[in-house]
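Shown below: entry-v1.pdb, with PDB, C-alpha atoms and all ligand atoms.
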MODEL        1
ATOM      1  CA  MET A 185     -76.705 143.735-236.541
ATOM      2  CA  VAL A 186     -77.234 140.001-236.655
ATOM      3  CA  THR A 187     -77.635 138.426-240.062
ATOM      4  CA  THR A 188     -80.055 135.580-240.726
ATOM      5  CA  LYS A 189     -77.125 133.281-241.350
ATOM      6  CA  GLN A 190     -75.545 134.104-237.987
ATOM      7  CA  ARG A 191     -78.841 133.557-236.218
ATOM      8  CA  MET A 192     -79.234 130.180-237.933
ATOM      9  CA  THR A 193     -75.751 129.172-236.733
ATOM     10  CA  VAL A 194     -76.495 130.210-233.143
ATOM     11  CA  GLN A 195     -79.805 128.317-233.147
ATOM     12  CA  GLY A 196     -78.170 125.278-234.726
ATOM     13  CA  GLY A 197     -75.538 125.316-231.984
ATOM     14  CA  ALA A 198     -78.248 125.499-229.319
ATOM     15  CA  VAL A 199     -80.160 122.566-230.853
ATOM     16  CA  ARG A 200     -76.934 120.593-231.073
ATOM     17  CA  SER A 201     -75.988 121.335-227.458
ATOM     18  CA  VAL A 202     -79.371 120.067-226.200
ATOM     19  CA  LEU A 203     -78.776 116.830-228.127
ATOM     20  CA  VAL A 204     -75.228 116.469-226.799
ATOM     21  CA  ASP A 205     -76.379 116.989-223.180
ATOM     22  CA  GLY A 206     -79.143 114.404-223.412
ATOM     23  CA  ASP A 207     -78.512 110.714-222.924
ATOM     24  CA  GLY A 208     -81.310 109.145-224.911
ATOM     25  CA  PHE A 209     -83.452 109.786-227.948
ATOM     26  CA  ARG A 210     -85.614 112.880-227.735
ATOM     27  CA  SER A 211     -88.421 114.239-229.838
ATOM     28  CA  ALA A 212     -88.216 117.611-231.591
ATOM     29  CA  GLN A 213     -90.952 118.886-229.242
ATOM     30  CA  ASP A 214     -88.883 117.849-226.245
ATOM     31  CA  ILE A 215     -85.798 119.642-227.594
ATOM     32  CA  HIS A 216     -87.961 122.632-228.446
ATOM     33  CA  ALA A 217     -89.215 122.751-224.823
ATOM     34  CA  THR A 218     -85.674 122.447-223.419
ATOM     35  CA  LEU A 219     -84.482 125.349-225.581
ATOM     36  CA  ARG A 220     -87.341 127.420-224.240
ATOM     37  CA  LEU A 221     -86.386 126.542-220.643
ATOM     38  CA  ARG A 222     -82.825 127.607-221.384
ATOM     39  CA  GLY A 223     -84.082 130.964-222.536
ATOM     40  CA  LYS A 224     -83.329 130.222-226.178
ATOM     41  CA  PRO A 225     -86.721 130.063-227.837
ATOM     42  CA  VAL A 226     -86.379 128.546-231.306
ATOM     43  CA  GLY A 227     -89.396 127.852-233.488
ATOM     44  CA  LEU A 228     -90.420 124.198-233.705
ATOM     45  CA  SER A 229     -90.023 124.132-237.488
ATOM     46  CA  THR A 230     -86.520 125.581-237.090
ATOM     47  CA  VAL A 231     -85.724 122.861-234.543
ATOM     48  CA  TYR A 232     -86.906 120.250-237.068
ATOM     49  CA  ARG A 233     -84.762 121.809-239.795
ATOM     50  CA  HIS A 234     -81.629 121.815-237.628
ATOM     51  CA  LEU A 235     -82.256 118.246-236.477
ATOM     52  CA  GLN A 236     -82.624 117.160-240.079
ATOM     53  CA  SER A 237     -79.362 118.822-241.050
ATOM     54  CA  LEU A 238     -77.574 117.229-238.071
ATOM     55  CA  VAL A 239     -78.856 113.857-239.269
ATOM     56  CA  GLU A 240     -77.613 114.600-242.802
ATOM     57  CA  GLN A 241     -74.222 115.616-241.430
ATOM     58  CA  GLY A 242     -74.063 112.311-239.575
ATOM     59  CA  VAL A 243     -73.929 114.054-236.186
ATOM     60  CA  ALA A 244     -77.304 112.819-235.005
ATOM     61  CA  ASP A 245     -79.285 109.613-235.338
ATOM     62  CA  VAL A 246     -82.997 109.561-235.909
ATOM     63  CA  ILE A 247     -85.200 106.618-234.984
ATOM     64  CA  GLN A 248     -88.922 106.036-234.747
ATOM     65  CA  SER A 249     -90.041 105.717-231.107
ATOM     66  CA  PRO A 250     -92.487 102.887-230.194
ATOM     67  CA  ASP A 251     -95.358 105.403-230.454
ATOM     68  CA  GLY A 252     -94.323 106.364-233.974
ATOM     69  CA  GLU A 253     -92.649 109.670-233.245
ATOM     70  CA  ALA A 254     -89.311 110.645-234.774
ATOM     71  CA  THR A 255     -86.713 110.972-232.011
ATOM     72  CA  TYR A 256     -83.159 112.237-232.249
ATOM     73  CA  ARG A 257     -79.934 111.560-230.451
ATOM     74  CA  TYR A 258     -76.364 112.760-230.685
ATOM     75  CA  CYS A 259     -74.294 109.702-231.507
ATOM     76  CA  GLY A 260     -70.919 111.365-231.994
ATOM     77  CA  GLU A 261     -68.176 109.245-233.499
ATOM     78  CA  THR A 262     -70.250 106.132-233.934
ATOM     79  CA  THR A 263     -72.838 107.795-236.157
ATOM     80  CA  SER A 264     -70.637 107.722-239.244
ATOM     81  CA  ALA A 265     -70.633 103.925-239.079
ATOM     82  CA  HIS A 266     -73.883 102.016-239.498
ATOM     83  CA  HIS A 267     -75.155 100.783-236.153
ATOM     84  CA  HIS A 268     -78.265  99.921-234.186
ATOM     85  CA  HIS A 269     -79.696 100.929-230.816
ATOM     86  CA  LEU A 270     -80.897  99.332-227.655
ATOM     87  CA  VAL A 271     -83.194 101.924-226.098
ATOM     88  CA  CYS A 272     -84.741 102.041-222.619
ATOM     89  CA  ARG A 273     -88.436 102.923-222.875
ATOM     90  CA  LYS A 274     -88.457 104.455-219.409
ATOM     91  CA  CYS A 275     -85.385 106.704-219.205
ATOM     92  CA  GLY A 276     -84.235 106.714-222.818
ATOM     93  CA  HIS A 277     -80.800 105.319-221.967
ATOM     94  CA  THR A 278     -79.290 104.058-225.201
ATOM     95  CA  GLU A 279     -76.606 101.554-226.087
ATOM     96  CA  GLU A 280     -75.036 101.678-229.529
ATOM     97  CA  VAL A 281     -74.801  98.178-230.918
ATOM     98  CA  LYS A 282     -73.307  96.464-233.920
ATOM     99  CA  ALA A 283     -75.461  93.724-235.371
ATOM    100  CA  ARG A 284     -73.471  91.675-237.859
ATOM    101  CA  ALA A 285     -76.155  88.986-237.998
ATOM    102  CA  VAL A 286     -78.735  91.636-238.958
ATOM    103  CA  GLU A 287     -76.484  93.055-241.687
ATOM    104  CA  ARG A 288     -75.917  89.583-243.135
ATOM    105  CA  TRP A 289     -79.632  88.776-243.004
ATOM    106  CA  ALA A 290     -80.567  92.098-244.681
ATOM    107  CA  ALA A 291     -78.041  91.516-247.460
ATOM    108  CA  GLU A 292     -79.331  87.980-248.025
ATOM    109  CA  ILE A 293     -82.950  89.117-248.243
ATOM    110  CA  ALA A 294     -82.024  91.934-250.626
ATOM    111  CA  SER A 295     -80.175  89.611-252.980
ATOM    112  CA  LYS A 296     -82.857  86.923-252.756
ATOM    113  CA  PHE A 297     -85.503  89.382-253.997
ATOM    114  CA  ASP A 298     -83.064  91.267-256.213
ATOM    115  CA  PHE A 299     -83.371  94.606-254.451
ATOM    116  CA  SER A 300     -80.650  97.237-254.631
ATOM    117  CA  ASP A 301     -80.009 100.421-252.588
ATOM    118  CA  VAL A 302     -81.451  98.704-249.555
ATOM    119  CA  ASP A 303     -81.470 100.256-246.137
ATOM    120  CA  HIS A 304     -82.913  99.119-242.837
ATOM    121  CA  THR A 305     -83.746 100.347-239.375
ATOM    122  CA  VAL A 306     -83.609  97.942-236.475
ATOM    123  CA  GLU A 307     -83.958  99.283-232.964
ATOM    124  CA  ILE A 308     -84.535  97.287-229.816
ATOM    125  CA  PHE A 309     -86.685  98.825-227.070
ATOM    126  CA  GLY A 310     -86.809  97.558-223.517
ATOM    127  CA  THR A 311     -86.191  98.409-219.876
ATOM    128  CA  CYS A 312     -82.613  99.052-218.788
ATOM    129  CA  ALA A 313     -81.088  97.451-215.681
ATOM    130  CA  SER A 314     -81.303 100.583-213.538
ATOM    131  CA  CYS A 315     -84.954 101.268-214.437
ATOM    132  CA  ARG A 316     -85.796  97.629-213.773
ATOM    133  CA  GLY A 317     -84.044  97.928-210.409
ATOM    134  CA  THR A 318     -86.237 100.792-209.234
ATOM    135  CA  ALA A 319     -89.398  99.123-210.598
ATOM    136  CA  GLU A 320     -88.652  95.944-208.661
ATOM    137  CA  GLU A 321     -87.976  97.889-205.482
ATOM    138  CA  SER A 322     -91.268  99.739-205.607
ATOM    139  CA  ALA A 323     -93.121  96.544-206.546
ATOM    140  CA  SER A 324     -91.718  94.720-203.512
ATOM    141  CA  THR A 325     -93.015  97.396-201.150
ATOM    142  CA  ALA A 326     -96.367  97.980-202.870
ATOM    143  CA  ASP A 327     -97.443  94.446-203.784
ATOM    144  CA  GLU A 328     -96.086  92.497-200.835
ATOM    145  CA  GLY A 329     -99.176  90.297-200.584
ATOM    146  CA  LEU A 330     -99.165  89.400-204.278
ATOM    147  CA  ARG A 331     -95.621  88.091-204.383
ATOM    148  CA  PRO A 332     -95.250  84.313-204.569
ATOM    149  CA  GLN A 333     -94.255  82.887-201.239
ATOM    150  CA  PRO A 334     -91.321  80.499-200.950
ATOM    151  CA  MET A 335     -92.353  76.786-200.840
ATOM    152  CA  GLU A 336     -90.986  76.185-197.295
ATOM    153  CA  SER A 337     -93.304  78.745-195.736
ATOM    154  CA  LYS A 338     -96.299  76.478-196.473
ATOM    155  CA  SER A 339     -94.945  73.494-194.595
ATOM    156  CA  LYS A 340     -94.276  75.544-191.458
TER     157      LYS A 340
HETATM  158 ZN    ZN A 401     -76.506 105.844-232.687
HETATM  159 ZN    ZN A 402     -83.836 103.067-218.213
HETATM  160 ZN    ZN A 403     -77.886  97.322-239.656
ENDMDL
END
Structure translated into structure tokens:
Amino acid sequence: MVTTKQRMTVQGGAVRSVLVDGDGFRSAQDIHATLRLRGKPVGLSTVYRHLQSLVEQGVADVIQSPDGEATYRYCGETTSAHHHHLVCRKCGHTEEVKARAVERWAAEIASKFDFSDVDHTVEIFGTCASCRGTAEESASTADEGLRPQPMESKSK
């Protein structure tokens, strides 16, 4: 006989393990689909609930993706300390970054306008070096004719 509480713990562990295995930020739907593939179907609302509790426990980070979706990532040790992210749009690879200039700026703005209990979210999205590498490779084979020619080739 499995109690509701035990089932919750098992599902929470499964949600957590999907986060730990992944490198980048992932949406609840994505995690939900992975659980299904692993033969551990968990309802989407349950996935959301576990993700939320992992965020509250400081185990996971949540950020808004460029298309406005909440995405989650296991940040381990670093999560307890305030930090920011550099996120690859293509593969989701994420670097944890400290941003002292941002913290100073946020504090200045808050005091200038006399705000208290301020919080902020600053994430940087881009293309990581390895994704850029593959993009450049495929571009060089596909768009050969469009690439600018070196100056010397004209004089020859
Ligand atoms: Zn993080
Ligand atoms: Zn990438
Ligand atoms: Zn900050």
Residues within 12 Å of ligand ZN 403 (chain A) should be enumerated using all atoms listed in the file and returned as number ranges by chain. A: 265-269, 280-291, 302-308
If you count only C-alpha atoms, which residues fall within 12 Å of Gln195 of chain A, apart from same-chain ones fewer than 6 positions away, as a PyMOL selection string? chain A and resi 188-189+201-202+215-216+219-220+223-235
Produce a file of the selected residues containing C-alpha atoms, as a CSV table (one decimal), in the coordinates of the input.
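Output contents, as saved in again_29.csv:
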chain,number,residue,atom,x,y,z
A,188,THR,CA,-80.1,135.6,-240.7
A,189,LYS,CA,-77.1,133.3,-241.4
A,201,SER,CA,-76.0,121.3,-227.5
A,202,VAL,CA,-79.4,120.1,-226.2
A,215,ILE,CA,-85.8,119.6,-227.6
A,216,HIS,CA,-88.0,122.6,-228.4
A,219,LEU,CA,-84.5,125.3,-225.6
A,220,ARG,CA,-87.3,127.4,-224.2
A,223,GLY,CA,-84.1,131.0,-222.5
A,224,LYS,CA,-83.3,130.2,-226.2
A,225,PRO,CA,-86.7,130.1,-227.8
A,226,VAL,CA,-86.4,128.5,-231.3
A,227,GLY,CA,-89.4,127.9,-233.5
A,228,LEU,CA,-90.4,124.2,-233.7
A,229,SER,CA,-90.0,124.1,-237.5
A,230,THR,CA,-86.5,125.6,-237.1
A,231,VAL,CA,-85.7,122.9,-234.5
A,232,TYR,CA,-86.9,120.2,-237.1
A,233,ARG,CA,-84.8,121.8,-239.8
A,234,HIS,CA,-81.6,121.8,-237.6
A,235,LEU,CA,-82.3,118.2,-236.5
Fewer than 6 positions away in the same chain doesn't count, so skip those; otherwise give me all residues within 10 Å of Gln236 of chain A, counting all atoms listed in the file, as JSON, numbers by chain. {"A": [230, 242, 244, 245, 246, 256]}
So the first atom is atom CA of Gly196 of chain A and the second is atom CA of Gly208 of chain A; what is the distance between them in Å, to one decimal place? 19.1 Å
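Proximity to ligand ZN 401 (chain A) was assessed for A:Gly276, A:Gly260, A:Gly310, A:Gly197 counting only C-alpha atoms and all ligand atoms; the smallest distance is recorded for A:Gly260.
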I'd like to see the residues matched by the PyMOL selection byres (((not hetatm)) within 10 of (chain A and resi 402)) on this file, and ideally I'd get them as a VMD selection string. chain A and resid 208 271 to 278 310 to 318
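Here atom CA of Ser249 of chain A and atom CA of Asp301 of chain A stand 24.3 Å from one another.
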Selected residue, from A:Ser295, A:Asp214, A:Glu240, A:Phe209, that lies nearest to ligand ZN 401 (chain A) when counting all atoms listed in the file: A:Phe209
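If you measure from each of A:Gln213, A:Cys259, A:Leu221, A:Val243 to ligand ZN 401 (chain A) using only C-alpha atoms and all ligand atoms, the closest one turns out to be A:Cys259.
Each of A:Ser211, A:Ser300, A:Thr193, A:Thr255 was checked against ligand ZN 401 (chain A) using only C-alpha atoms and all ligand atoms; the smallest atom-to-atom distance is that of A:Thr255.
Here atom CA of Ala198 of chain A stands at a distance of 9.4 Å from atom CA of Arg222 of chain A.
Using only C-alpha atoms and all ligand atoms, the shortest contact distance between ligand ZN 401 (chain A) and any of A:Ile293, A:Arg200, A:Ile247, A:Glu253 is found at A:Ile247.
Nearest residue to ligand ZN 401 (chain A) among A:Phe299, A:Ala217, A:Asp207, A:Val194 is A:Asp207, counting only C-alpha atoms and all ligand atoms.
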